[in-house]
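Containing mmCIF, C-alpha atoms: upload_3.cif.
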```
data_my_file
#
loop_
_atom_site.group_PDB
_atom_site.id
_atom_site.type_symbol
_atom_site.label_atom_id
_atom_site.label_comp_id
_atom_site.auth_asym_id
_atom_site.auth_seq_id
_atom_site.Cartn_x
_atom_site.Cartn_y
_atom_site.Cartn_z
ATOM 1 C CA MET A 1 -2.060 4.636 7.718
ATOM 2 C CA THR A 2 -4.481 5.981 5.117
ATOM 3 C CA LYS A 3 -8.032 4.851 4.521
ATOM 4 C CA TYR A 4 -10.135 5.963 1.577
ATOM 5 C CA PRO A 5 -13.926 6.556 1.826
ATOM 6 C CA LEU A 6 -16.306 4.379 -0.121
ATOM 7 C CA ALA A 7 -17.689 7.526 -1.726
ATOM 8 C CA LEU A 8 -14.751 7.222 -4.069
ATOM 9 C CA LEU A 9 -16.321 4.100 -5.538
ATOM 10 C CA ALA A 10 -18.846 6.252 -7.360
ATOM 11 C CA THR A 11 -16.160 6.876 -9.948
ATOM 12 C CA ALA A 12 -15.720 3.176 -10.651
ATOM 13 C CA ALA A 13 -17.455 3.408 -14.019
ATOM 14 C CA VAL A 14 -14.736 5.686 -15.340
ATOM 15 C CA ALA A 15 -12.335 3.711 -17.513
ATOM 16 C CA THR A 16 -8.729 3.331 -16.418
ATOM 17 C CA LEU A 17 -6.185 5.339 -18.377
ATOM 18 C CA ALA A 18 -4.188 3.153 -20.748
ATOM 19 C CA LEU A 19 -0.511 3.924 -20.317
ATOM 20 C CA SER A 20 2.036 3.561 -23.104
ATOM 21 C CA GLY A 21 5.765 3.098 -22.784
ATOM 22 C CA CYS A 22 6.335 5.394 -25.755
ATOM 23 C CA SER A 23 3.991 7.819 -27.442
ATOM 24 C CA GLY A 24 4.267 9.066 -30.972
ATOM 25 C CA SER A 25 1.073 11.096 -31.138
ATOM 26 C CA GLY A 26 -1.052 13.448 -29.072
ATOM 27 C CA SER A 27 -0.270 16.659 -27.273
ATOM 28 C CA ALA A 28 2.690 17.138 -24.964
ATOM 29 C CA ASP A 29 0.282 17.583 -22.061
ATOM 30 C CA ALA A 30 -1.414 14.282 -22.820
ATOM 31 C CA ALA A 31 1.953 12.550 -23.102
ATOM 32 C CA ASN A 32 3.072 13.983 -19.777
ATOM 33 C CA GLU A 33 -0.163 12.875 -18.121
ATOM 34 C CA THR A 34 0.303 9.369 -19.504
ATOM 35 C CA ALA A 35 3.879 9.157 -18.306
ATOM 36 C CA SER A 36 3.132 10.457 -14.828
ATOM 37 C CA SER A 37 0.171 8.092 -14.351
ATOM 38 C CA SER A 38 2.532 5.101 -14.272
ATOM 39 C CA LEU A 39 4.609 6.606 -11.448
ATOM 40 C CA PRO A 40 3.826 7.357 -7.801
ATOM 41 C CA THR A 41 2.612 10.906 -7.165
ATOM 42 C CA GLY A 42 1.837 13.048 -4.139
ATOM 43 C CA ASP A 43 2.232 11.133 -0.899
ATOM 44 C CA GLU A 44 2.391 7.715 -2.596
ATOM 45 C CA ILE A 45 5.392 5.548 -1.746
ATOM 46 C CA THR A 46 8.246 5.773 -4.239
ATOM 47 C CA THR A 47 11.457 3.869 -5.023
ATOM 48 C CA THR A 48 14.395 3.898 -7.449
ATOM 49 C CA ALA A 49 15.190 1.784 -10.491
ATOM 50 C CA ASP A 50 17.610 -1.147 -10.391
ATOM 51 C CA ALA A 51 19.123 -1.652 -13.847
ATOM 52 C CA ALA A 52 20.202 -5.208 -13.023
ATOM 53 C CA LEU A 53 16.590 -6.162 -12.263
ATOM 54 C CA GLY A 54 15.380 -4.522 -15.468
ATOM 55 C CA GLU A 55 17.705 -6.808 -17.418
ATOM 56 C CA LEU A 56 15.713 -9.790 -16.155
ATOM 57 C CA LEU A 57 12.606 -8.717 -18.094
ATOM 58 C CA PRO A 58 11.744 -10.811 -21.168
ATOM 59 C CA GLU A 59 12.469 -9.293 -24.558
ATOM 60 C CA ASP A 60 8.825 -8.863 -25.550
ATOM 61 C CA ILE A 61 8.115 -6.785 -22.432
ATOM 62 C CA VAL A 62 11.212 -4.647 -23.026
ATOM 63 C CA ASP A 63 10.192 -4.096 -26.662
ATOM 64 C CA ALA A 64 6.672 -3.089 -25.608
ATOM 65 C CA GLY A 65 8.096 -0.703 -23.004
ATOM 66 C CA VAL A 66 5.262 -1.443 -20.583
ATOM 67 C CA ILE A 67 3.914 -4.132 -18.260
ATOM 68 C CA ASN A 68 0.129 -4.430 -18.626
ATOM 69 C CA ILE A 69 -1.493 -5.165 -15.272
ATOM 70 C CA ALA A 70 -5.037 -6.539 -14.915
ATOM 71 C CA VAL A 71 -6.742 -4.946 -11.895
ATOM 72 C CA ASP A 72 -10.296 -5.485 -10.667
ATOM 73 C CA ILE A 73 -11.561 -2.029 -9.624
ATOM 74 C CA PRO A 74 -13.232 -1.252 -7.231
ATOM 75 C CA PHE A 75 -12.026 -3.749 -4.644
ATOM 76 C CA PRO A 76 -10.986 -1.638 -1.638
ATOM 77 C CA PRO A 77 -8.484 -1.526 -0.060
ATOM 78 C CA MET A 78 -6.762 -3.515 -2.805
ATOM 79 C CA ALA A 79 -7.846 -1.195 -5.631
ATOM 80 C CA MET A 80 -10.140 1.821 -6.065
ATOM 81 C CA TYR A 81 -10.290 5.304 -7.569
ATOM 82 C CA ASP A 82 -9.628 8.619 -5.877
ATOM 83 C CA GLU A 83 -11.542 11.834 -6.544
ATOM 84 C CA ASN A 84 -9.404 12.416 -9.669
ATOM 85 C CA ASN A 85 -10.164 8.937 -11.075
ATOM 86 C CA ARG A 86 -6.610 7.822 -10.326
ATOM 87 C CA GLU A 87 -6.118 4.181 -9.406
ATOM 88 C CA ILE A 88 -5.105 3.860 -5.758
ATOM 89 C CA GLY A 89 -4.964 1.103 -3.160
ATOM 90 C CA PHE A 90 -2.477 -1.681 -2.529
ATOM 91 C CA ASP A 91 -2.406 -3.258 -6.004
ATOM 92 C CA PRO A 92 -2.076 -0.076 -8.123
ATOM 93 C CA GLU A 93 0.453 1.459 -5.748
ATOM 94 C CA LEU A 94 2.562 -1.704 -5.521
ATOM 95 C CA GLY A 95 2.278 -2.133 -9.294
ATOM 96 C CA ARG A 96 3.737 1.333 -9.858
ATOM 97 C CA LEU A 97 6.559 0.558 -7.427
ATOM 98 C CA LEU A 98 7.387 -2.661 -9.287
ATOM 99 C CA GLY A 99 7.514 -0.709 -12.541
ATOM 100 C CA GLN A 100 9.799 1.872 -10.955
ATOM 101 C CA LYS A 101 12.127 -0.803 -9.592
ATOM 102 C CA LEU A 102 12.280 -2.564 -12.971
ATOM 103 C CA GLY A 103 12.690 0.721 -14.851
ATOM 104 C CA ILE A 104 9.620 0.236 -17.052
ATOM 105 C CA ASP A 105 6.176 1.805 -17.423
ATOM 106 C CA VAL A 106 3.092 0.019 -16.178
ATOM 107 C CA SER A 107 -0.475 0.190 -17.470
ATOM 108 C CA LEU A 108 -3.208 -0.439 -14.901
ATOM 109 C CA ASN A 109 -6.081 -1.957 -16.839
ATOM 110 C CA LYS A 110 -9.529 -2.325 -15.273
ATOM 111 C CA GLN A 111 -10.637 -5.933 -15.709
ATOM 112 C CA ALA A 112 -13.546 -7.853 -14.188
ATOM 113 C CA PHE A 113 -12.175 -10.423 -11.750
ATOM 114 C CA ASP A 114 -13.640 -13.430 -13.547
ATOM 115 C CA SER A 115 -11.885 -12.389 -16.779
ATOM 116 C CA VAL A 116 -8.407 -11.535 -15.480
ATOM 117 C CA ILE A 117 -6.920 -14.940 -16.347
ATOM 118 C CA PRO A 118 -8.435 -14.995 -19.865
ATOM 119 C CA SER A 119 -7.007 -11.500 -20.378
ATOM 120 C CA LEU A 120 -3.501 -12.919 -19.879
ATOM 121 C CA GLN A 121 -4.214 -15.853 -22.164
ATOM 122 C CA ALA A 122 -5.389 -13.398 -24.842
ATOM 123 C CA ASN A 123 -2.192 -11.330 -24.471
ATOM 124 C CA LYS A 124 -4.205 -8.320 -23.337
ATOM 125 C CA ASN A 125 -2.384 -8.188 -19.997
ATOM 126 C CA ASP A 126 0.919 -9.514 -18.704
ATOM 127 C CA ILE A 127 0.270 -9.909 -14.973
ATOM 128 C CA ILE A 128 -2.645 -9.905 -12.545
ATOM 129 C CA MET A 129 -2.627 -7.718 -9.442
ATOM 130 C CA SER A 130 -6.101 -8.121 -8.019
ATOM 131 C CA GLY A 131 -5.848 -9.676 -4.570
ATOM 132 C CA MET A 132 -6.022 -13.117 -6.191
ATOM 133 C CA ASN A 133 -5.704 -16.136 -3.906
ATOM 134 C CA ASP A 134 -2.946 -18.619 -4.727
ATOM 135 C CA THR A 135 -4.746 -21.963 -5.150
ATOM 136 C CA PRO A 136 -3.921 -25.371 -6.673
ATOM 137 C CA GLU A 137 -6.583 -24.894 -9.348
ATOM 138 C CA ARG A 138 -5.157 -21.552 -10.427
ATOM 139 C CA GLN A 139 -1.607 -22.904 -10.311
ATOM 140 C CA GLU A 140 -2.552 -25.108 -13.250
ATOM 141 C CA THR A 141 -2.506 -21.918 -15.332
ATOM 142 C CA LEU A 142 -0.608 -19.324 -13.286
ATOM 143 C CA SER A 143 2.390 -18.951 -11.057
ATOM 144 C CA PHE A 144 1.946 -16.615 -8.089
ATOM 145 C CA ILE A 145 4.491 -14.260 -6.592
ATOM 146 C CA ASP A 146 2.793 -14.203 -3.196
ATOM 147 C CA TYR A 147 2.412 -10.816 -1.489
ATOM 148 C CA THR A 148 -0.109 -11.256 1.353
ATOM 149 C CA HIS A 149 -1.185 -14.024 3.726
ATOM 150 C CA GLY A 150 -4.522 -14.047 5.535
ATOM 151 C CA GLY A 151 -7.947 -15.623 5.765
ATOM 152 C CA PHE A 152 -11.443 -14.558 4.827
ATOM 153 C CA ALA A 153 -13.914 -12.800 7.096
ATOM 154 C CA ILE A 154 -17.675 -12.922 7.533
ATOM 155 C CA ALA A 155 -19.625 -9.667 7.644
ATOM 156 C CA VAL A 156 -23.246 -9.376 8.790
ATOM 157 C CA GLN A 157 -25.705 -6.547 9.220
ATOM 158 C CA LYS A 158 -25.104 -4.322 12.233
ATOM 159 C CA GLY A 159 -26.463 -5.998 15.331
ATOM 160 C CA ASN A 160 -26.005 -9.471 13.804
ATOM 161 C CA PRO A 161 -29.760 -10.224 13.550
ATOM 162 C CA GLU A 162 -29.127 -13.843 12.459
ATOM 163 C CA GLY A 163 -26.846 -14.564 15.425
ATOM 164 C CA ILE A 164 -23.937 -15.756 13.258
ATOM 165 C CA THR A 165 -20.888 -16.358 15.447
ATOM 166 C CA THR A 166 -18.880 -19.055 13.636
ATOM 167 C CA GLN A 167 -18.353 -20.312 10.113
ATOM 168 C CA ARG A 168 -20.713 -23.237 10.758
ATOM 169 C CA ASP A 169 -23.520 -20.790 11.498
ATOM 170 C CA LEU A 170 -23.584 -20.042 7.762
ATOM 171 C CA CYS A 171 -25.164 -23.445 7.131
ATOM 172 C CA GLY A 172 -28.647 -22.984 5.660
ATOM 173 C CA LYS A 173 -28.033 -19.257 5.148
ATOM 174 C CA THR A 174 -27.666 -17.190 1.969
ATOM 175 C CA VAL A 175 -24.135 -15.791 1.725
ATOM 176 C CA SER A 176 -23.142 -13.253 -0.921
ATOM 177 C CA VAL A 177 -19.678 -13.371 -2.491
ATOM 178 C CA GLN A 178 -17.952 -12.005 -5.556
ATOM 179 C CA LYS A 179 -18.078 -14.363 -8.526
ATOM 180 C CA ALA A 180 -15.046 -16.588 -9.192
ATOM 181 C CA THR A 181 -13.509 -16.117 -5.735
ATOM 182 C CA VAL A 182 -12.151 -18.775 -3.386
ATOM 183 C CA GLN A 183 -14.792 -17.898 -0.788
ATOM 184 C CA GLY A 184 -17.505 -19.393 -2.966
ATOM 185 C CA ASP A 185 -15.573 -22.652 -3.253
ATOM 186 C CA LEU A 186 -14.950 -22.796 0.503
ATOM 187 C CA LEU A 187 -18.605 -22.223 1.310
ATOM 188 C CA ARG A 188 -19.757 -24.939 -1.092
ATOM 189 C CA ALA A 189 -17.172 -27.331 0.380
ATOM 190 C CA MET A 190 -18.857 -26.995 3.783
ATOM 191 C CA ASP A 191 -21.617 -29.197 2.329
ATOM 192 C CA CYS A 192 -24.282 -27.950 4.721
ATOM 193 C CA ASP A 193 -26.737 -26.201 2.412
ATOM 194 C CA VAL A 194 -25.064 -22.801 2.299
ATOM 195 C CA ASP A 195 -26.824 -20.861 -0.472
ATOM 196 C CA VAL A 196 -23.873 -19.196 -2.214
ATOM 197 C CA MET A 197 -25.022 -16.025 -3.974
ATOM 198 C CA GLU A 198 -22.272 -15.222 -6.509
ATOM 199 C CA LEU A 199 -22.414 -11.701 -7.903
ATOM 200 C CA PRO A 200 -20.292 -9.861 -10.518
ATOM 201 C CA SER A 201 -18.445 -7.554 -8.117
ATOM 202 C CA ASP A 202 -17.540 -7.381 -4.449
ATOM 203 C CA LEU A 203 -19.616 -4.198 -4.166
ATOM 204 C CA ASP A 204 -22.640 -6.150 -5.453
ATOM 205 C CA ALA A 205 -22.061 -8.749 -2.725
ATOM 206 C CA GLN A 206 -21.971 -6.030 -0.072
ATOM 207 C CA THR A 207 -25.153 -4.468 -1.461
ATOM 208 C CA ALA A 208 -26.962 -7.816 -1.283
ATOM 209 C CA LEU A 209 -26.231 -8.007 2.448
ATOM 210 C CA ARG A 210 -27.257 -4.414 2.983
ATOM 211 C CA ALA A 211 -30.562 -5.019 1.176
ATOM 212 C CA GLY A 212 -31.280 -8.184 3.166
ATOM 213 C CA LYS A 213 -30.979 -10.453 0.127
ATOM 214 C CA SER A 214 -28.227 -12.363 1.936
ATOM 215 C CA GLN A 215 -27.680 -13.007 5.629
ATOM 216 C CA ALA A 216 -23.908 -12.692 5.411
ATOM 217 C CA TYR A 217 -21.166 -11.535 3.055
ATOM 218 C CA THR A 218 -17.678 -13.021 2.875
ATOM 219 C CA ALA A 219 -14.459 -11.690 1.373
ATOM 220 C CA ASP A 220 -10.745 -11.667 2.079
ATOM 221 C CA ALA A 221 -10.270 -10.381 5.618
ATOM 222 C CA VAL A 222 -8.379 -7.299 4.431
ATOM 223 C CA VAL A 223 -11.310 -6.336 2.224
ATOM 224 C CA ALA A 224 -14.100 -7.189 4.677
ATOM 225 C CA GLU A 225 -12.434 -5.268 7.508
ATOM 226 C CA TYR A 226 -12.193 -2.174 5.304
ATOM 227 C CA VAL A 227 -15.801 -2.462 4.132
ATOM 228 C CA VAL A 228 -17.125 -2.794 7.673
ATOM 229 C CA ALA A 229 -15.041 0.099 8.980
ATOM 230 C CA THR A 230 -15.939 2.559 6.225
ATOM 231 C CA THR A 231 -19.516 1.845 5.103
ATOM 232 C CA ASP A 232 -21.798 4.397 6.789
ATOM 233 C CA ASP A 233 -18.952 5.208 9.172
ATOM 234 C CA GLY A 234 -19.044 1.670 10.496
ATOM 235 C CA GLU A 235 -22.791 1.623 11.187
ATOM 236 C CA ALA A 236 -23.971 -0.702 8.386
ATOM 237 C CA PHE A 237 -22.112 -3.959 9.034
ATOM 238 C CA GLU A 238 -20.029 -5.794 11.608
ATOM 239 C CA ILE A 239 -17.411 -8.519 11.432
ATOM 240 C CA VAL A 240 -18.081 -11.929 12.976
ATOM 241 C CA ARG A 241 -15.246 -12.374 15.486
ATOM 242 C CA ASP A 242 -14.453 -16.053 15.953
ATOM 243 C CA PRO A 243 -11.849 -16.392 18.743
ATOM 244 C CA GLU A 244 -10.614 -19.646 17.195
ATOM 245 C CA ASN A 245 -9.801 -17.841 13.921
ATOM 246 C CA PRO A 246 -8.414 -14.412 14.869
ATOM 247 C CA ALA A 247 -6.668 -13.941 11.503
ATOM 248 C CA GLY A 248 -9.708 -15.006 9.524
ATOM 249 C CA PHE A 249 -10.986 -18.330 8.314
ATOM 250 C CA ASN A 250 -8.893 -20.633 6.088
ATOM 251 C CA PRO A 251 -5.774 -18.407 5.750
ATOM 252 C CA VAL A 252 -4.335 -18.433 2.238
ATOM 253 C CA TYR A 253 -1.637 -16.694 0.256
ATOM 254 C CA SER A 254 -2.561 -14.120 -2.365
ATOM 255 C CA GLY A 255 -0.250 -12.754 -4.986
ATOM 256 C CA ILE A 256 0.683 -11.492 -8.412
ATOM 257 C CA GLY A 257 -0.464 -13.918 -11.099
ATOM 258 C CA VAL A 258 1.637 -14.622 -14.199
ATOM 259 C CA LEU A 259 1.105 -17.326 -16.825
ATOM 260 C CA LYS A 260 3.259 -20.182 -15.565
ATOM 261 C CA ASP A 261 5.206 -20.513 -18.832
ATOM 262 C CA ASP A 262 6.386 -16.877 -18.573
ATOM 263 C CA THR A 263 9.318 -17.886 -16.394
ATOM 264 C CA GLU A 264 11.485 -14.848 -17.138
ATOM 265 C CA LEU A 265 8.707 -12.432 -16.188
ATOM 266 C CA ILE A 266 7.922 -14.425 -13.030
ATOM 267 C CA GLU A 267 11.536 -14.191 -11.867
ATOM 268 C CA ALA A 268 11.841 -10.503 -12.756
ATOM 269 C CA VAL A 269 8.716 -9.649 -10.755
ATOM 270 C CA ARG A 270 9.779 -11.896 -7.871
ATOM 271 C CA GLN A 271 13.188 -10.267 -7.558
ATOM 272 C CA ALA A 272 11.679 -6.786 -7.873
ATOM 273 C CA LEU A 273 9.204 -7.552 -5.085
ATOM 274 C CA GLN A 274 12.036 -8.925 -2.943
ATOM 275 C CA ALA A 275 13.946 -5.683 -3.465
ATOM 276 C CA LEU A 276 10.883 -3.706 -2.303
ATOM 277 C CA ILE A 277 10.568 -5.956 0.754
ATOM 278 C CA ASP A 278 14.243 -5.516 1.593
ATOM 279 C CA GLU A 279 14.146 -1.721 1.344
ATOM 280 C CA GLY A 280 10.881 -1.426 3.322
ATOM 281 C CA THR A 281 8.721 0.209 0.654
ATOM 282 C CA TYR A 282 6.543 -2.916 0.341
ATOM 283 C CA GLN A 283 5.647 -2.687 4.033
ATOM 284 C CA GLU A 284 5.001 1.046 3.665
ATOM 285 C CA VAL A 285 2.431 0.373 0.927
ATOM 286 C CA LEU A 286 0.749 -2.254 3.107
ATOM 287 C CA GLU A 287 0.613 0.143 6.059
ATOM 288 C CA ARG A 288 -0.623 2.982 3.870
ATOM 289 C CA ASN A 289 -3.597 0.819 2.942
ATOM 290 C CA SER A 290 -4.211 -0.502 6.481
ATOM 291 C CA ILE A 291 -3.224 -4.117 5.767
ATOM 292 C CA GLY A 292 0.217 -4.274 7.363
ATOM 293 C CA ALA A 293 -0.685 -7.362 9.394
ATOM 294 C CA TYR A 294 -0.952 -9.471 6.241
ATOM 295 C CA ALA A 295 2.645 -9.051 5.010
ATOM 296 C CA VAL A 296 4.861 -11.852 3.704
ATOM 297 C CA GLU A 297 8.465 -12.059 4.891
ATOM 298 C CA SER A 298 9.976 -12.767 1.479
ATOM 299 C CA ALA A 299 8.958 -12.936 -2.175
ATOM 300 C CA GLU A 300 8.227 -16.586 -2.883
ATOM 301 C CA VAL A 301 6.422 -18.364 -5.713
ATOM 302 C CA ASN A 302 3.378 -20.623 -5.292
ATOM 303 C CA GLN A 303 3.259 -20.838 -1.505
ATOM 304 C CA GLY A 304 -0.342 -21.956 -1.790
ATOM 305 C CA ALA A 305 -0.814 -25.729 -1.747
ATOM 306 C CA ASP A 306 1.107 -27.385 -4.573
ATOM 307 C CA ALA A 307 -0.898 -27.843 -7.746
ATOM 308 C CA SER A 308 -2.128 -31.400 -8.098
#
```

Full structure transcribed into structure tokens:
Amino acid sequence: MTKYPLALLATAAVATLALSGCSGSGSADAANETASSSLPTGDEITTTADAALGELLPEDIVDAGVINIAVDIPFPPMAMYDENNREIGFDPELGRLLGQKLGIDVSLNKQAFDSVIPSLQANKNDIIMSGMNDTPERQETLSFIDYTHGGFAIAVQKGNPEGITTQRDLCGKTVSVQKATVQGDLLRAMDCDVDVMELPSDLDAQTALRAGKSQAYTADAVVAEYVVATTDDGEAFEIVRDPENPAGFNPVYSGIGVLKDDTELIEAVRQALQALIDEGTYQEVLERNSIGAYAVESAEVNQGADAS
């Protein structure tokens, strides 16, 4: 299993390369770079195309020759940059595999998390791959092809100076979270005077804890575990281990978001993910990014609570 150092996040300000399914201008080198960026390279997991699955894609996607994917970067281990400014992590690597399986290019487009849904509504992107939780509220707009299942975790400063041992210990405390995430909603629903500090990025939420502006930081367990293990070689933070919630608090499904009216695209992505699950490459990508314990057994749609 591969872990990537947080030093790589220093490149986060570099814009993601926009990939095109066909290029009519520019040098041959530039065209080759564009083409290769949408495919696995080096030791990344790879697969083969299935023409029958490609035929499931809607006509507008086929005509465009590319699936545009909204990705919030950095959000390790779900998405980050390597030393060459290449998008890595679970979402970019799985996104490339889905493109390979469907026989189409993908463009990984950096998008702030709180604007990923509007980017689909504005036809800027086609799907969201950003560790997004599958919730009833979001199901009003999106359908989710669920790809992980787990809870959220609480991180505190090393040594746990506030003595936080359970979720209820957050009452009356300031807790930093990324803006527009489910964690903020869950903390407010506790109705015990949790001061929810919502910040633009997950890295900002971590920094608030490090600077003592918050007493705890919460994120999806897969993200929080990675942050704790890699920041200052594990010396900055620690995870609150609640024996009653070994897989994290309030386990939820997360998945690939698609506008719910795009039924053809939803089914094409679902069947492509199922093919990756069946052949084992999906699990390999999870393991490569140290989140193998959060796998789903099959590609299903909207396993979060039914939209009301």

Between stretch 238-258 of chain A and stretch 89-103 of chain A, at 12 Å or less, what are the per-residue closest atom pairs and their distances in Å? Count all atoms listed in the file, order by chain and rising residue number, and return it as CSV.
```
residue,atom,partner,partner_atom,distance
A:Ser254,CA,A:Asp91,CA,11.5
A:Gly255,CA,A:Asp91,CA,9.8
A:Ile256,CA,A:Asp91,CA,9.1
A:Gly257,CA,A:Asp91,CA,12.0
```

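Atom CA of A:Asn68 to atom CA of A:Asn109 spans 6.9 Å [interatomic distance, one decimal].
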
Contacts between stretch 166-190 of chain A and stretch 37-148 of chain A, please, where a residue of stretch 37-148 of chain A counts if it comes within 10 Å (with only C-alpha atoms); show its shortest atom pair and distance in Å to one decimal, rows by chain and ascending number, as a tab-separated table.
```
residue	atom	partner	partner_atom	distance
A:Ala112	CA	A:Lys179	CA	9.7
A:Phe113	CA	A:Ala180	CA	7.3
A:Asp114	CA	A:Ala180	CA	5.6
A:Ser115	CA	A:Ala180	CA	9.2
A:Met132	CA	A:Thr181	CA	8.1
A:Asn133	CA	A:Val182	CA	7.0
A:Asp134	CA	A:Val182	CA	9.3
A:Thr135	CA	A:Val182	CA	8.3
```

Explicit residues for the PyMOL selection byres ((chain A and resi 145) around 7) (as a short mmCIF file (atom, residue, chain, number, x, y, z; two decimals) with C-alpha atoms, in the coordinates of the input):
```cif
data_model
loop_
_atom_site.label_atom_id
_atom_site.label_comp_id
_atom_site.auth_asym_id
_atom_site.auth_seq_id
_atom_site.Cartn_x
_atom_site.Cartn_y
_atom_site.Cartn_z
CA SER A 143 2.39 -18.95 -11.06
CA PHE A 144 1.95 -16.61 -8.09
CA ASP A 146 2.79 -14.20 -3.20
CA TYR A 147 2.41 -10.82 -1.49
CA GLY A 255 -0.25 -12.75 -4.99
CA ILE A 256 0.68 -11.49 -8.41
CA GLY A 257 -0.46 -13.92 -11.10
CA ARG A 270 9.78 -11.90 -7.87
CA ALA A 299 8.96 -12.94 -2.17
CA GLU A 300 8.23 -16.59 -2.88
CA VAL A 301 6.42 -18.36 -5.71
CA ASN A 302 3.38 -20.62 -5.29
#
```

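Distances to A:Asn85 were evaluated for A:Ser37, A:Ser214, A:Tyr226, A:Ala272 using all atoms listed in the file, and the minimum falls at A:Ser37.
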
- Kindly extract all protein, DNA and RNA residues lying within 7 Å of the coordinates (-8.0, -13.4, 8.1) given in the file, considering all atoms listed in the file, and supply them as a ChimeraX atom specification. /A:150-153,220-221,246-249,251

- Report the distance between atom CA of A:Val252 and atom CA of A:Ala122 in Å, rounded to one decimal place. 27.6 Å

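Residue membership of the PyMOL selection byres ((chain A and resi 156) around 6) in the shown file amounts to Ala155, Gln157, Asn160, Ala216, Phe237 and Glu238 of chain A.
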
- Item | Pick from A:Val240, A:Pro58, A:Ala293, A:Ile154, whichever lies nearest to A:Ala205 using all atoms listed in the file | A:Ile154

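Atom CA of A:Thr281 to atom CA of A:Met78 spans 16.3 Å [interatomic distance, one decimal].
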
Enclose the full set of atoms of stretch 202-208 of chain A listed in the file within a box whose edges lie along x, y and z, apply 4 Å of padding to each of the six sides, and report centre and edge lengths in Å to one decimal as AutoDock Vina command-line options.
```
--center_x -22.3 --center_y -6.5 --center_z -2.8 --size_x 17.4 --size_y 12.6 --size_z 13.4
```

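With distances taken over all atoms listed in the file, A:Ile73 is the one residue among A:Leu286, A:Val223, A:Ala236, A:Ile73 lying closest to A:Pro200.
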
- Message: Evaluate the PyMOL selection byres ((chain A and resi 63-66) around 10) against this structure - the residues, as a ChimeraX atom specification, please.
- Response: /A:19-22,38,58-62,67-69,99,103-107,126

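For the choices A:Ile239, A:Ser201, A:Arg288, A:Ser130, the atom-to-atom distance to A:Gly163 is smallest for A:Ile239 when using only C-alpha atoms.
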
The residues within 12 Å of (8.9, -17.2, -19.9), using all atoms listed in the file and the coordinates of the file, should be reported as a JSON list (two decimals) with C-alpha atoms, in the frame of the given file; which are they?
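Printed below is out_7.json as written:
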```json
[["chain", "number", "residue", "atom", "x", "y", "z"],
["A", 56, "LEU", "CA", 15.71, -9.79, -16.16],
["A", 57, "LEU", "CA", 12.61, -8.72, -18.09],
["A", 58, "PRO", "CA", 11.74, -10.81, -21.17],
["A", 59, "GLU", "CA", 12.47, -9.29, -24.56],
["A", 60, "ASP", "CA", 8.82, -8.86, -25.55],
["A", 61, "ILE", "CA", 8.12, -6.78, -22.43],
["A", 126, "ASP", "CA", 0.92, -9.51, -18.70],
["A", 142, "LEU", "CA", -0.61, -19.32, -13.29],
["A", 143, "SER", "CA", 2.39, -18.95, -11.06],
["A", 258, "VAL", "CA", 1.64, -14.62, -14.20],
["A", 259, "LEU", "CA", 1.10, -17.33, -16.82],
["A", 260, "LYS", "CA", 3.26, -20.18, -15.56],
["A", 261, "ASP", "CA", 5.21, -20.51, -18.83],
["A", 262, "ASP", "CA", 6.39, -16.88, -18.57],
["A", 263, "THR", "CA", 9.32, -17.89, -16.39],
["A", 264, "GLU", "CA", 11.48, -14.85, -17.14],
["A", 265, "LEU", "CA", 8.71, -12.43, -16.19],
["A", 266, "ILE", "CA", 7.92, -14.42, -13.03],
["A", 267, "GLU", "CA", 11.54, -14.19, -11.87],
["A", 268, "ALA", "CA", 11.84, -10.50, -12.76],
["A", 269, "VAL", "CA", 8.72, -9.65, -10.76]]
```

- Message: Please determine, counting all atoms listed in the file, which residue among A:Leu203, A:Ser119, A:Gly42, A:Lys158 has the shortest atom-to-atom distance to A:Asp233.
- Response: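 Answer, going by the shortest atom-to-atom distance: A:Lys158.
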
Since the input has fewer atoms than a full residue there, write stretch 234-239 of chain A out with N, CA, C and O atoms, as a CSV table (one decimal), keeping the file's coordinate frame.
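Contents of selection.csv, as written:
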```
chain,number,residue,atom,x,y,z
A,234,GLY,N,-19.1,2.8,9.6
A,234,GLY,CA,-19.0,1.7,10.5
A,234,GLY,C,-20.4,1.3,11.1
A,234,GLY,O,-20.4,0.4,11.9
A,235,GLU,N,-21.5,1.9,10.6
A,235,GLU,CA,-22.8,1.6,11.2
A,235,GLU,C,-23.6,0.6,10.4
A,235,GLU,O,-24.7,0.3,10.8
A,236,ALA,N,-23.2,0.2,9.2
A,236,ALA,CA,-24.0,-0.7,8.4
A,236,ALA,C,-23.7,-2.2,8.7
A,236,ALA,O,-24.7,-3.0,8.7
A,237,PHE,N,-22.5,-2.6,8.9
A,237,PHE,CA,-22.1,-4.0,9.0
A,237,PHE,C,-21.2,-4.2,10.3
A,237,PHE,O,-20.7,-3.2,10.9
A,238,GLU,N,-21.0,-5.4,10.6
A,238,GLU,CA,-20.0,-5.8,11.6
A,238,GLU,C,-19.4,-7.1,11.2
A,238,GLU,O,-19.9,-7.9,10.5
A,239,ILE,N,-18.2,-7.3,11.7
A,239,ILE,CA,-17.4,-8.5,11.4
A,239,ILE,C,-17.8,-9.6,12.5
A,239,ILE,O,-17.9,-9.3,13.7
```
